[in-house]
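Participant: Got a structure for you, query07.csv, holding CSV, C-alpha atoms and all ligand atoms.
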chain,number,residue,atom,x,y,z
K,1,MET,CA,0.0,0.0,0.0
K,2,TYR,CA,1.1,3.6,-0.5
K,3,PRO,CA,0.8,5.5,2.7
K,4,GLU,CA,-0.9,8.4,0.9
K,5,ASP,CA,-3.7,6.1,-0.1
K,6,VAL,CA,-4.0,4.8,3.4
K,7,LEU,CA,-4.3,8.4,4.7
K,8,ARG,CA,-6.9,9.3,2.1
K,9,ALA,CA,-9.0,6.3,3.2
K,10,ILE,CA,-8.7,7.3,6.9
K,11,ASN,CA,-9.7,10.9,6.0
K,12,GLU,CA,-12.9,9.7,4.4
K,13,VAL,CA,-14.2,8.0,7.5
K,14,ARG,CA,-12.5,9.8,10.4
K,15,GLY,CA,-15.6,11.7,11.4
K,16,ASN,CA,-14.7,14.1,14.3
K,17,ALA,CA,-11.7,12.0,15.4
K,18,ILE,CA,-8.6,13.7,16.8
K,19,VAL,CA,-5.6,12.6,14.8
K,20,VAL,CA,-1.9,12.4,15.9
K,21,PRO,CA,0.5,11.9,13.0
K,22,THR,CA,4.2,11.5,13.2
K,23,MET,CA,7.2,11.2,10.8
K,24,THR,CA,6.3,10.6,7.1
K,25,ALA,CA,2.6,10.7,8.0
K,26,VAL,CA,3.0,14.4,8.9
K,27,PRO,CA,3.4,16.1,5.5
K,28,ALA,CA,1.0,13.8,3.8
K,29,TRP,CA,-1.7,14.3,6.4
K,30,ARG,CA,-1.3,18.0,6.3
K,31,THR,CA,-2.1,18.0,2.5
K,32,ILE,CA,-4.8,15.3,2.6
K,33,ALA,CA,-6.7,16.5,5.7
K,34,PRO,CA,-5.8,20.2,6.2
K,35,ASP,CA,-9.0,20.8,8.2
K,36,ALA,CA,-8.7,17.8,10.5
K,37,THR,CA,-8.5,18.1,14.3
K,38,SER,CA,-4.8,17.1,14.6
K,39,VAL,CA,-1.6,17.6,16.5
K,40,ASP,CA,1.7,16.4,15.2
K,41,CYS,CA,4.2,14.4,17.2
K,42,VAL,CA,7.4,16.2,16.1
K,43,GLY,CA,10.5,16.7,18.2
K,44,PHE,CA,9.9,13.8,20.6
K,45,MET,CA,10.3,10.6,18.5
K,46,GLY,CA,8.2,7.7,19.7
K,47,GLY,CA,5.7,9.9,21.6
K,48,ALA,CA,2.8,9.8,19.2
K,49,SER,CA,0.9,7.0,21.0
K,50,SER,CA,1.5,8.6,24.4
K,51,LEU,CA,0.2,12.0,23.2
K,52,GLY,CA,-2.8,10.2,21.7
K,53,LEU,CA,-3.4,8.3,24.9
K,54,GLY,CA,-3.5,11.5,26.9
K,55,LEU,CA,-6.0,12.9,24.4
K,56,ALA,CA,-8.1,9.8,24.4
K,57,LEU,CA,-8.3,9.8,28.2
K,58,ALA,CA,-9.2,13.5,28.3
K,59,GLN,CA,-11.8,13.3,25.5
K,60,PRO,CA,-13.6,10.0,26.0
K,61,GLY,CA,-16.4,11.1,23.7
K,62,ARG,CA,-14.1,11.3,20.6
K,63,ARG,CA,-12.0,8.7,18.7
K,64,VAL,CA,-8.3,9.3,18.7
K,65,ILE,CA,-6.3,8.0,15.7
K,66,VAL,CA,-2.5,7.8,16.1
K,67,LEU,CA,-0.6,7.6,12.8
K,68,ASP,CA,2.7,6.1,14.0
K,69,GLY,CA,6.0,5.0,12.5
K,70,ASP,CA,7.5,1.5,13.1
K,71,GLY,CA,10.9,3.0,14.1
K,72,SER,CA,9.1,5.4,16.4
K,73,LEU,CA,7.1,2.7,18.1
K,74,LEU,CA,10.3,0.7,18.6
K,75,MET,CA,11.8,3.7,20.4
K,76,GLN,CA,9.1,3.7,23.0
K,77,LEU,CA,7.8,0.1,22.8
K,78,GLY,CA,6.8,0.1,26.5
K,79,SER,CA,4.0,2.5,25.5
K,80,LEU,CA,2.1,-0.5,24.1
K,81,ALA,CA,1.8,-1.7,27.7
K,82,THR,CA,0.9,1.7,29.0
K,83,VAL,CA,-1.8,2.2,26.4
K,84,ALA,CA,-3.2,-1.3,27.0
K,85,GLY,CA,-3.1,-0.8,30.8
K,86,ALA,CA,-5.0,2.5,30.5
K,87,ALA,CA,-7.4,0.8,28.2
K,88,PRO,CA,-8.9,3.8,26.3
K,89,PRO,CA,-11.9,2.4,24.4
K,90,ASN,CA,-11.7,5.3,21.9
K,91,PHE,CA,-8.1,4.7,20.8
K,92,THR,CA,-7.0,3.4,17.3
K,93,HIS,CA,-3.3,3.0,16.6
K,94,MET,CA,-2.4,2.9,12.9
K,95,LEU,CA,1.1,1.7,12.5
K,96,PHE,CA,2.9,2.6,9.2
K,97,SER,CA,5.1,-0.4,8.9
K,98,ASN,CA,7.5,0.4,6.1
K,99,GLY,CA,10.4,-1.5,7.6
K,100,VAL,CA,12.6,1.6,7.6
K,101,TYR,CA,13.5,4.8,9.3
K,102,GLN,CA,12.4,6.7,6.2
K,103,THR,CA,12.6,10.2,7.6
K,104,SER,CA,16.3,9.8,8.6
K,105,GLY,CA,17.4,8.2,5.3
K,106,SER,CA,15.6,4.9,5.0
K,107,GLN,CA,17.9,2.8,7.2
K,108,GLU,CA,16.4,-0.6,8.1
K,109,ILE,CA,14.8,-0.8,11.5
K,110,PRO,CA,16.1,-3.3,14.0
K,111,GLY,CA,14.8,-6.8,13.3
K,112,SER,CA,15.1,-6.5,9.5
K,113,GLY,CA,11.4,-5.8,9.1
K,114,ALA,CA,10.4,-9.1,10.6
K,115,VAL,CA,9.0,-7.7,13.8
K,116,ASN,CA,5.4,-8.7,14.3
K,117,PHE,CA,3.9,-5.4,15.7
K,118,ALA,CA,0.3,-6.6,15.7
K,119,GLY,CA,1.4,-9.6,17.7
K,120,MET,CA,3.3,-7.4,20.2
K,121,ALA,CA,0.2,-5.1,20.6
K,122,GLU,CA,-2.0,-8.1,21.3
K,123,ALA,CA,0.5,-9.6,23.7
K,124,ALA,CA,0.7,-6.2,25.5
K,125,GLY,CA,-3.1,-6.3,26.0
K,126,TYR,CA,-4.6,-4.3,23.2
K,127,THR,CA,-8.3,-5.3,22.7
K,128,PHE,CA,-7.6,-6.1,19.1
K,129,ALA,CA,-4.6,-6.0,16.7
K,130,THR,CA,-4.3,-6.9,13.1
K,131,ARG,CA,-2.1,-6.6,10.0
K,132,ILE,CA,-3.5,-5.2,6.8
K,133,GLU,CA,-1.7,-5.9,3.5
K,134,ASN,CA,-3.7,-4.2,0.8
K,135,LEU,CA,-6.0,-1.2,0.2
K,136,GLU,CA,-9.1,-3.3,-0.5
K,137,GLU,CA,-8.9,-4.9,2.8
K,138,LEU,CA,-8.2,-1.6,4.5
K,139,HIS,CA,-11.4,0.0,3.0
K,140,ILE,CA,-13.5,-2.9,4.2
K,141,ARG,CA,-12.1,-2.9,7.7
K,142,LEU,CA,-11.5,0.8,8.5
K,143,PRO,CA,-15.0,1.6,9.8
K,144,GLU,CA,-14.7,-1.1,12.3
K,145,LEU,CA,-11.2,-0.2,13.3
K,146,LEU,CA,-12.4,3.3,14.0
K,147,SER,CA,-15.5,2.4,16.0
K,148,SER,CA,-14.9,-0.8,17.9
K,149,GLN,CA,-13.8,-0.8,21.5
K,150,GLY,CA,-10.1,0.0,21.8
K,151,PRO,CA,-7.3,0.1,22.2
K,152,ILE,CA,-6.9,-1.2,18.7
K,153,LEU,CA,-3.7,-1.5,16.6
K,154,ALA,CA,-3.6,-2.0,12.8
K,155,GLU,CA,-0.2,-2.7,11.4
K,156,LEU,CA,-0.2,-1.4,7.8
K,157,ALA,CA,2.1,-2.9,5.3
K,158,VAL,CA,3.2,0.2,3.4
K,159,GLU,CA,5.7,1.4,0.8
K,160,GLU,CA,7.8,4.4,1.5
K,161,ALA,CA,6.1,7.8,1.4
K,162,GLN,CA,6.5,10.5,-1.3
K,163,LEU,CA,7.5,13.1,1.3
K,164,THR,CA,9.2,13.2,4.7
K,165,PRO,CA,9.3,16.0,7.3
K,166,MET,CA,12.8,16.7,6.0
K,167,THR,CA,11.9,17.0,2.3
K,168,ALA,CA,8.6,18.8,3.0
K,169,PRO,CA,9.0,20.9,6.1
K,170,GLY,CA,6.3,23.3,7.1
K,171,GLY,CA,3.1,23.3,9.1
K,172,ASP,CA,2.4,25.3,12.2
K,173,PRO,CA,5.0,25.2,15.0
K,174,LEU,CA,4.1,22.6,17.7
K,175,HIS,CA,3.1,25.2,20.3
K,176,VAL,CA,0.7,26.8,17.8
K,177,GLN,CA,-0.8,23.4,17.1
K,178,VAL,CA,-1.0,22.7,20.8
K,179,SER,CA,-2.8,25.9,21.7
K,180,ASN,CA,-5.2,25.7,18.7
K,181,LEU,CA,-6.2,22.1,19.5
K,182,ARG,CA,-6.7,22.9,23.2
K,183,ALA,CA,-8.8,25.8,22.3
K,184,ALA,CA,-10.9,23.7,20.0
K,185,LEU,CA,-11.3,20.9,22.5
K,186,THR,CA,-12.1,23.0,25.6
K,187,LYS,CA,-14.4,25.6,24.1
K,188,LYS,CA,-17.9,25.4,25.6
Z,1,MET,CA,16.2,9.8,59.4
Z,2,PRO,CA,14.0,11.3,62.2
Z,3,GLU,CA,10.3,11.4,61.4
Z,4,ASN,CA,10.2,15.2,61.6
Z,5,GLU,CA,12.6,15.5,58.7
Z,6,ARG,CA,10.2,13.5,56.4
Z,7,ILE,CA,7.2,14.9,54.6
Z,8,PRO,CA,3.9,13.0,55.1
Z,9,ALA,CA,2.2,11.8,51.9
Z,10,GLY,CA,-1.3,12.9,52.8
Z,11,PRO,CA,-0.6,16.7,52.8
Z,12,ILE,CA,1.3,16.3,49.5
Z,13,VAL,CA,-1.7,14.7,47.9
Z,14,GLU,CA,-3.9,17.5,49.4
Z,15,ALA,CA,-1.5,20.1,47.9
Z,16,ILE,CA,-1.8,18.5,44.5
Z,17,LYS,CA,-5.6,18.6,44.8
Z,18,THR,CA,-5.4,22.3,45.8
Z,19,ALA,CA,-3.2,23.0,42.8
Z,20,PHE,CA,-5.7,21.3,40.5
Z,21,ARG,CA,-8.8,22.9,42.0
Z,22,SER,CA,-7.3,26.4,41.7
Z,23,GLN,CA,-6.8,25.9,38.0
Z,24,ARG,CA,-10.2,24.4,37.1
Z,25,THR,CA,-12.8,26.7,35.8
Z,26,LYS,CA,-15.6,24.3,36.7
Z,27,PRO,CA,-15.8,21.3,39.0
Z,28,PRO,CA,-15.3,17.8,37.5
Z,29,THR,CA,-18.4,16.0,36.3
Z,30,SER,CA,-19.4,12.9,38.2
Z,31,LYS,CA,-17.5,10.7,35.6
Z,32,GLU,CA,-14.4,12.9,35.5
Z,33,PRO,CA,-11.5,12.8,38.0
Z,34,LEU,CA,-10.3,16.1,39.6
Z,35,GLY,CA,-7.1,15.5,37.8
Z,36,TRP,CA,-4.4,12.9,36.8
Z,37,VAL,CA,-1.1,12.0,38.3
Z,38,LEU,CA,1.3,10.2,35.9
Z,39,SER,CA,4.1,8.4,37.5
Z,40,VAL,CA,7.2,6.3,36.9
Z,41,PRO,CA,7.6,5.1,40.4
Z,42,ASP,CA,10.0,7.2,42.6
Z,43,THR,CA,11.5,5.4,45.6
Z,44,HIS,CA,11.6,8.7,47.5
Z,45,GLN,CA,7.9,9.4,47.0
Z,46,ARG,CA,6.6,5.9,47.3
Z,47,SER,CA,4.3,6.7,50.2
Z,48,VAL,CA,2.7,9.4,48.0
Z,49,ILE,CA,2.1,6.9,45.2
Z,50,THR,CA,0.6,4.5,47.7
Z,51,GLU,CA,-1.7,7.2,49.0
Z,52,LEU,CA,-2.7,8.1,45.4
Z,53,GLU,CA,-3.6,4.4,44.7
Z,54,GLY,CA,-6.4,4.7,47.2
Z,55,ASP,CA,-7.6,8.2,46.3
Z,56,SER,CA,-11.0,8.6,44.8
Z,57,GLU,CA,-10.6,12.1,43.3
Z,58,LEU,CA,-7.3,11.7,41.5
Z,59,ARG,CA,-6.5,9.1,38.8
Z,60,LEU,CA,-3.0,7.6,39.0
Z,61,LEU,CA,-1.5,6.2,35.8
Z,62,THR,CA,1.8,4.4,35.9
Z,63,CYS,CA,3.8,4.8,32.8
Z,64,SER,CA,6.7,2.7,31.4
Z,65,THR,CA,8.9,5.7,30.9
Z,66,GLU,CA,9.1,9.4,31.7
Z,67,ASP,CA,9.1,10.1,28.0
Z,68,GLU,CA,5.6,8.6,27.9
Z,69,ALA,CA,4.6,10.5,31.0
Z,70,ASN,CA,5.5,13.9,29.4
Z,71,ALA,CA,3.6,13.1,26.2
Z,72,ILE,CA,0.6,11.7,28.0
Z,73,ALA,CA,0.5,14.8,30.1
Z,74,ALA,CA,0.5,16.9,27.0
Z,75,GLY,CA,-2.5,15.0,25.6
Z,76,LEU,CA,-4.4,15.4,28.9
Z,77,HIS,CA,-3.6,19.1,29.0
Z,78,ILE,CA,-4.7,19.7,25.4
Z,79,GLY,CA,-7.9,17.8,26.2
Z,80,GLY,CA,-8.6,20.0,29.1
Z,81,GLN,CA,-7.5,17.9,32.1
Z,82,GLU,CA,-5.3,18.8,35.1
Z,83,VAL,CA,-2.2,16.7,35.4
Z,84,ALA,CA,1.0,16.3,37.4
Z,85,LEU,CA,4.0,14.0,37.1
Z,86,ILE,CA,5.7,12.1,39.9
Z,87,ILE,CA,9.2,10.9,38.9
Z,88,GLN,CA,12.7,10.7,40.2
Z,89,HIS,CA,15.9,12.5,39.2
Z,90,ALA,CA,17.0,9.6,37.1
Z,91,GLY,CA,13.7,9.9,35.2
Z,92,LEU,CA,14.4,13.6,34.5
Z,93,TYR,CA,17.7,12.7,33.0
Z,94,ALA,CA,16.2,9.9,31.1
Z,95,SER,CA,13.6,12.1,29.4
Z,96,VAL,CA,15.3,15.4,28.6
Z,97,ASN,CA,14.5,15.3,24.9
Z,98,THR,CA,10.8,14.9,25.5
Z,99,LEU,CA,10.9,17.6,28.2
Z,100,ARG,CA,12.5,19.8,25.6
Z,101,GLY,CA,10.3,18.9,22.7
Z,102,VAL,CA,7.0,18.8,24.6
Z,103,GLY,CA,7.6,21.3,27.4
Z,104,LEU,CA,9.8,23.9,25.7
Z,105,ASP,CA,9.0,23.7,21.9
Z,106,GLY,CA,5.3,22.6,22.5
Z,107,ARG,CA,5.0,25.1,25.4
Z,108,VAL,CA,3.0,22.6,27.3
Z,109,PRO,CA,2.7,23.2,31.0
Z,110,LEU,CA,4.3,20.2,32.7
Z,111,PHE,CA,4.4,20.2,36.5
Z,112,MET,CA,6.7,17.6,38.0
Z,113,LEU,CA,7.4,16.4,41.5
Z,114,VAL,CA,10.9,15.0,41.2
Z,115,GLY,CA,12.4,12.9,44.0
Z,116,LEU,CA,16.0,13.5,44.9
Z,117,LEU,CA,16.8,10.0,46.1
Z,118,SER,CA,20.0,9.7,48.1
Z,119,ARG,CA,20.2,13.5,48.7
Z,120,GLU,CA,22.1,14.3,51.9
Z,121,PRO,CA,19.7,16.3,54.1
Z,122,ASP,CA,22.5,18.7,55.3
Z,123,LEU,CA,23.8,19.5,51.9
Z,124,ALA,CA,22.5,21.7,49.1
Z,125,PRO,CA,21.7,19.4,46.2
Z,126,ARG,CA,24.2,21.0,44.0
Z,127,ASN,CA,27.0,20.3,46.5
Z,128,SER,CA,26.1,16.6,46.7
Z,129,PRO,CA,28.9,14.1,45.9
Z,130,ARG,CA,26.4,12.1,44.0
Z,131,SER,CA,26.0,13.1,40.3
Z,132,MET,CA,22.4,12.0,40.3
Z,133,VAL,CA,21.6,14.7,42.9
Z,134,ARG,CA,24.2,17.3,41.9
Z,135,PHE,CA,23.2,17.9,38.3
Z,136,ALA,CA,19.4,18.1,38.8
Z,137,GLU,CA,19.2,21.9,39.5
Z,138,PRO,CA,21.9,22.9,36.9
Z,139,LEU,CA,20.0,20.8,34.3
Z,140,MET,CA,16.9,22.8,35.0
Z,141,GLU,CA,18.8,26.0,34.8
Z,142,THR,CA,20.2,25.0,31.4
Z,143,PHE,CA,16.6,24.3,30.2
Z,144,GLN,CA,15.4,27.6,31.9
Z,145,VAL,CA,12.9,25.5,33.9
Z,146,PRO,CA,11.8,27.2,37.1
Z,147,TYR,CA,12.3,24.9,40.1
Z,148,ALA,CA,12.0,24.8,43.9
Z,149,LEU,CA,13.1,22.5,46.7
Z,150,LEU,CA,10.5,20.9,49.0
Z,151,GLU,CA,12.0,20.0,52.3
Z,152,THR,CA,9.5,20.4,55.1
Z,153,ARG,CA,5.8,20.6,55.6
Z,154,GLU,CA,6.1,24.4,55.6
Z,155,ASP,CA,7.1,24.2,51.9
Z,156,LEU,CA,4.0,22.5,50.7
Z,157,ALA,CA,2.5,25.7,49.3
Z,158,LEU,CA,5.2,25.3,46.6
Z,159,ILE,CA,3.1,22.7,45.0
Z,160,PRO,CA,0.1,24.8,44.0
Z,161,GLU,CA,2.5,27.8,43.4
Z,162,TYR,CA,4.7,25.9,40.9
Z,163,TYR,CA,1.6,24.2,39.4
Z,164,ALA,CA,0.1,27.7,38.7
Z,165,LEU,CA,3.4,28.9,37.4
Z,166,SER,CA,3.6,26.1,34.8
Z,167,ARG,CA,0.2,27.2,33.5
Z,168,GLU,CA,1.0,30.9,33.6
Z,169,GLN,CA,4.3,30.4,31.7
Z,170,SER,CA,3.0,27.6,29.5
Z,171,GLY,CA,6.1,25.4,30.2
Z,172,PRO,CA,7.6,23.0,32.6
Z,173,THR,CA,8.1,23.6,36.3
Z,174,VAL,CA,9.7,21.3,38.8
Z,175,VAL,CA,9.4,20.9,42.6
Z,176,PHE,CA,12.3,18.7,43.8
Z,177,VAL,CA,11.3,16.5,46.7
Z,178,GLY,CA,14.4,16.8,48.9
Z,179,ARG,CA,13.3,14.4,51.7
Z,180,GLU,CA,11.8,11.0,51.6
Z,181,THR,CA,8.0,11.1,52.1
Z,182,THR,CA,6.3,9.1,54.8
I,1,LIG,C1,15.4,10.7,19.9
I,1,LIG,C2,15.7,10.7,18.5
I,1,LIG,N1,16.6,9.9,17.9
I,1,LIG,C3,16.9,9.9,16.6
I,1,LIG,C4,16.1,10.7,15.8
I,1,LIG,C5,16.5,10.8,14.3
I,1,LIG,N2,15.3,10.4,13.5
I,1,LIG,C6,14.5,11.3,12.9
I,1,LIG,S1,13.3,10.6,12.0
I,1,LIG,C7,13.9,9.0,12.3
I,1,LIG,C8,13.2,7.8,11.7
I,1,LIG,C9,11.7,7.7,11.9
I,1,LIG,O1,11.3,6.4,11.5
I,1,LIG,P1,9.9,5.8,11.6
I,1,LIG,O2,9.3,6.1,13.0
I,1,LIG,O3,9.8,4.4,11.2
I,1,LIG,O4,9.1,6.8,10.6
I,1,LIG,P2,9.2,6.9,9.0
I,1,LIG,O5,10.1,8.0,8.7
I,1,LIG,O6,9.6,5.6,8.5
I,1,LIG,O7,7.8,7.2,8.6
I,1,LIG,C10,15.0,9.1,13.2
I,1,LIG,C11,15.7,7.9,13.6
I,1,LIG,C12,15.2,11.6,16.4
I,1,LIG,N3,14.4,12.4,15.7
I,1,LIG,N4,15.0,11.5,17.7
I,2,MG,MG,9.3,3.6,9.4
Represent the structure of the file as structure tokens.
Ligand SMILES: Cc1ncc(C[n+]2csc(CCOP(=O)(O)OP(=O)(O)O)c2C)c(N)n1
Ligand SMILES: [Mg+2]
Facilitator:
Amino acid sequence: MYPEDVLRAINEVRGNAIVVPTMTAVPAWRTIAPDATSVDCVGFMGGASSLGLGLALAQPGRRVIVLDGDGSLLMQLGSLATVAGAAPPNFTHMLFSNGVYQTSGSQEIPGSGAVNFAGMAEAAGYTFATRIENLEELHIRLPELLSSQGPILAELAVEEAQLTPMTAPGGDPLHVQVSNLRAALTKK
Amino acid sequence: MPENERIPAGPIVEAIKTAFRSQRTKPPTSKEPLGWVLSVPDTHQRSVITELEGDSELRLLTCSTEDEANAIAAGLHIGGQEVALIIQHAGLYASVNTLRGVGLDGRVPLFMLVGLLSREPDLAPRNSPRSMVRFAEPLMETFQVPYALLETREDLALIPEYYALSREQSGPTVVFVGRETT
């Protein structure tokens, strides 16, 4: 799958979800879903699922979708257990499994791409975890992945993205994103 | 260590609640906690953590790493919740990049109670022979993070004060816990 197609598919069904992209998902999501309620995980690699967890706990009435990188998840792998332990029912973890650290130059991630992330999430105690290989399957399963009781992880077998945060910098600085999202979520 | 040199857990938890209440614009709904405490267990403050486990107003969430705790705190804050961190000095050192990224670049108010395990009660922390204790305050100065030292019951007002300061300045603040809690 191309990650851009995955993001388009998510954008079509996201409803009022809060979205937390990181790494190569950042520039693509910015173009595909400029009006989405989002905050990027930039500058603290591996923190996307934790940022999403805090949002999910604070806003139980909304779905939170984390758009994570495989290298990023490896950097803070313990967060699988923390998410599972906190058990946010409104949490969907979309893992862009491209087998590389694309943003830093496409070096292979540890484990030569053989790591079973869905298996790890399930073993950590996620309600449900699965691996999705093609777009057709993704289109069929997405609505359920975004509505069933979480925490849910979907490992997405993807190619490399067209853009990275290095080749396509931009977007609002993090503090602007933080204050905009807080204002949107806390207004009466 | 004599009992009067230790700080009881109950008043620390009350001070956290005071800090949260003073920032809330409306009381929590019946389903909502007054606020959250995120912790990677700190030996120095273990009695506070035990006290929090049985508290009905605050929600305690144990995290695998201090990096996580910082990012979860950011999410809770963005979503409108009150939140404090309980960690130890080693955890501060372990998570400096996230503290920088979330707290400084993201301008997220992060309030931390940081235990100074092995701190000698008669020495200023920066004069400690132990690197773990000695570098804590200078590190905060490098990061321009306001900090204070909690040593006795009389210092407990520092907790709501530095909590409010983190919100006013939109950034991290730290209260170092210089004595073991009881
Ligand atoms: C703490 C830290 N170490 C190293 C880096 C360098 N770095 C930037 S992007 C990146 C790779 C990200 O890989 P992945 O999460 O798989 O996302 P992808 O780029 O493949 O979408 C690395 C290692 C960093 N940003 N932060
Ligand atoms: Mg990757």
Participant: When the cut-off is 6 Å and you count all atoms listed in the file, which residues lie near ligand MG 2 (chain I), shown as a VMD selection string?
Facilitator: chain K and resid 69 to 71 97 to 102
Participant: Give one line per residue of chain K that approaches ligand LIG 1 (chain I) to at most 10 Å, naming the two atoms of the closest pair and their distance in Å to one decimal, counting all atoms listed in the file; sort by chain then ascending residue number and deliver it as CSV.
Facilitator:
residue,atom,partner,partner_atom,distance
K:Pro3,CA,I:LIG1,O7,9.3
K:Pro21,CA,I:LIG1,O7,9.7
K:Thr22,CA,I:LIG1,O7,7.3
K:Met23,CA,I:LIG1,O7,4.6
K:Thr24,CA,I:LIG1,O7,4.0
K:Ala25,CA,I:LIG1,O7,6.3
K:Val26,CA,I:LIG1,O7,8.7
K:Val42,CA,I:LIG1,N3,8.0
K:Gly43,CA,I:LIG1,N3,6.3
K:Phe44,CA,I:LIG1,N4,6.3
K:Met45,CA,I:LIG1,N4,4.9
K:Gly46,CA,I:LIG1,O2,7.0
K:Gly47,CA,I:LIG1,C1,9.9
K:Ala48,CA,I:LIG1,O2,9.7
K:Leu67,CA,I:LIG1,O7,9.4
K:Asp68,CA,I:LIG1,O2,6.7
K:Gly69,CA,I:LIG1,O2,3.5
K:Asp70,CA,I:LIG1,O3,4.2
K:Gly71,CA,I:LIG1,O3,3.4
K:Ser72,CA,I:LIG1,O2,3.5
K:Leu73,CA,I:LIG1,O2,6.5
K:Leu74,CA,I:LIG1,O2,7.8
K:Met75,CA,I:LIG1,C1,7.9
K:Gln76,CA,I:LIG1,C1,9.9
K:Leu95,CA,I:LIG1,O3,9.2
K:Phe96,CA,I:LIG1,O7,6.7
K:Ser97,CA,I:LIG1,O3,7.1
K:Asn98,CA,I:LIG1,O6,6.1
K:Gly99,CA,I:LIG1,O3,6.9
K:Val100,CA,I:LIG1,O6,5.1
K:Tyr101,CA,I:LIG1,O1,3.5
K:Gln102,CA,I:LIG1,O5,3.6
K:Thr103,CA,I:LIG1,O5,3.5
K:Ser104,CA,I:LIG1,C7,4.5
K:Gly105,CA,I:LIG1,C8,7.7
K:Ser106,CA,I:LIG1,O6,7.0
K:Gln107,CA,I:LIG1,C8,8.2
K:Glu108,CA,I:LIG1,O3,8.8
K:Ile109,CA,I:LIG1,O3,7.2
K:Val158,CA,I:LIG1,O6,9.8
K:Glu159,CA,I:LIG1,O6,9.6
K:Glu160,CA,I:LIG1,O6,7.3
K:Ala161,CA,I:LIG1,O7,7.4
K:Leu163,CA,I:LIG1,O5,9.4
K:Thr164,CA,I:LIG1,O5,6.6
K:Pro165,CA,I:LIG1,O5,8.2
K:Met166,CA,I:LIG1,S1,8.6
Participant: Can you list every residue of chain K that has an atom at most 10 Å from chain Z, with its nearest atom pair and the distance in Å to one decimal, using only C-alpha atoms, ordered by chain then number, as CSV?
Facilitator:
residue,atom,partner,partner_atom,distance
K:Val39,CA,Z:Gly75,CA,9.5
K:Cys41,CA,Z:Val102,CA,9.1
K:Val42,CA,Z:Gly101,CA,7.7
K:Gly43,CA,Z:Gly101,CA,5.0
K:Phe44,CA,Z:Thr98,CA,5.1
K:Met45,CA,Z:Thr98,CA,8.2
K:Gly46,CA,Z:Glu68,CA,8.6
K:Gly47,CA,Z:Ala71,CA,6.0
K:Ala48,CA,Z:Ala71,CA,7.8
K:Ser49,CA,Z:Ile72,CA,8.4
K:Ser50,CA,Z:Ile72,CA,4.8
K:Leu51,CA,Z:Ala71,CA,4.7
K:Gly52,CA,Z:Gly75,CA,6.2
K:Leu53,CA,Z:Ile72,CA,6.1
K:Gly54,CA,Z:Gly75,CA,3.9
K:Leu55,CA,Z:Gly75,CA,4.3
K:Ala56,CA,Z:Gly75,CA,7.7
K:Leu57,CA,Z:Leu76,CA,6.9
K:Ala58,CA,Z:Gly79,CA,5.0
K:Gln59,CA,Z:Gly79,CA,6.0
K:Pro60,CA,Z:Gly79,CA,9.7
K:Gln76,CA,Z:Glu68,CA,7.8
K:Leu77,CA,Z:Ser64,CA,9.1
K:Gly78,CA,Z:Ser64,CA,5.5
K:Ser79,CA,Z:Ser64,CA,6.5
K:Leu80,CA,Z:Ser64,CA,9.2
K:Ala81,CA,Z:Ser64,CA,7.6
K:Thr82,CA,Z:Cys63,CA,5.7
K:Val83,CA,Z:Cys63,CA,8.9
K:Gly85,CA,Z:Leu61,CA,8.7
K:Ala86,CA,Z:Leu61,CA,7.4
K:Pro173,CA,Z:Gly106,CA,7.9
K:Leu174,CA,Z:Gly106,CA,4.9
K:His175,CA,Z:Gly106,CA,4.1
K:Val176,CA,Z:Gly106,CA,7.8
K:Gln177,CA,Z:Gly106,CA,8.2
K:Val178,CA,Z:Gly106,CA,6.5
K:Ser179,CA,Z:Ile78,CA,7.5
K:Asn180,CA,Z:Ile78,CA,9.0
K:Leu181,CA,Z:Ile78,CA,6.5
K:Arg182,CA,Z:Ile78,CA,4.4
K:Ala183,CA,Z:Ile78,CA,8.0
K:Ala184,CA,Z:Gly79,CA,9.1
K:Leu185,CA,Z:Gly79,CA,5.9
K:Thr186,CA,Z:Gly80,CA,5.8
K:Lys187,CA,Z:Gly80,CA,9.5
Participant: What does the distance between CA of Ile86 (chain Z) and CA of His93 (chain K) come to in Å, to one decimal place?
Facilitator: 26.6 Å
Participant: Nearest to Phe20 (chain Z): which of Z:His89, Z:Arg119, Z:Arg179, Z:Arg167 is it, counting all atoms listed in the file?
Facilitator: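 The answer is Z:Arg167, which sits nearest to Phe20 (chain Z).
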Participant: Which residues are close to Asn134 (chain K), i.e. within 10 Å by all atoms listed in the file, leaving aside same-chain residues fewer than 2 positions away? Reply as a ChimeraX atom specification.
Facilitator: /K:1-2,6,131-132,136-139,156-158
Participant: Between CA of Pro34 (chain K) and CA of Pro88 (chain K), what is the distance in Å, rounded to a tenth?
Facilitator: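 Between CA of Pro34 (chain K) and CA of Pro88 (chain K) the gap is 26.1 Å.
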Participant: Between K:Ala84, K:Leu145, K:Leu135, K:Ala28, which residue has the minimum interatomic distance to Gly171 (chain K), considering all atoms listed in the file?
Facilitator: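 The shortest atom-to-atom distance to Gly171 (chain K) comes from K:Ala28.
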Participant: Select, from K:Thr127, K:Thr167, K:Thr31, K:Asn16, the residue with the minimum atom-to-atom distance to Leu153 (chain K), counting only C-alpha atoms.
Facilitator: K:Thr127
Participant: Mind pulling up the distance from CA of Phe135 (chain Z) to CA of Glu66 (chain Z)?
Facilitator: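 CA of Phe135 (chain Z) lies at a distance of 17.7 Å from CA of Glu66 (chain Z).
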Participant: When distances are computed from only C-alpha atoms, which of K:Ala114, K:Glu133, K:Ser147, K:Arg141 shows the smallest separation from Pro89 (chain K)?
Facilitator: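 When distances to Pro89 (chain K) are compared using only C-alpha atoms, the smallest one comes from K:Ser147.
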Participant: Using only C-alpha atoms, which of Z:Glu14, Z:Glu57, Z:Glu180, Z:Asp42 sits nearest Ala90 (chain Z)?
Facilitator: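 Smallest separation from Ala90 (chain Z) among the options: Z:Asp42.
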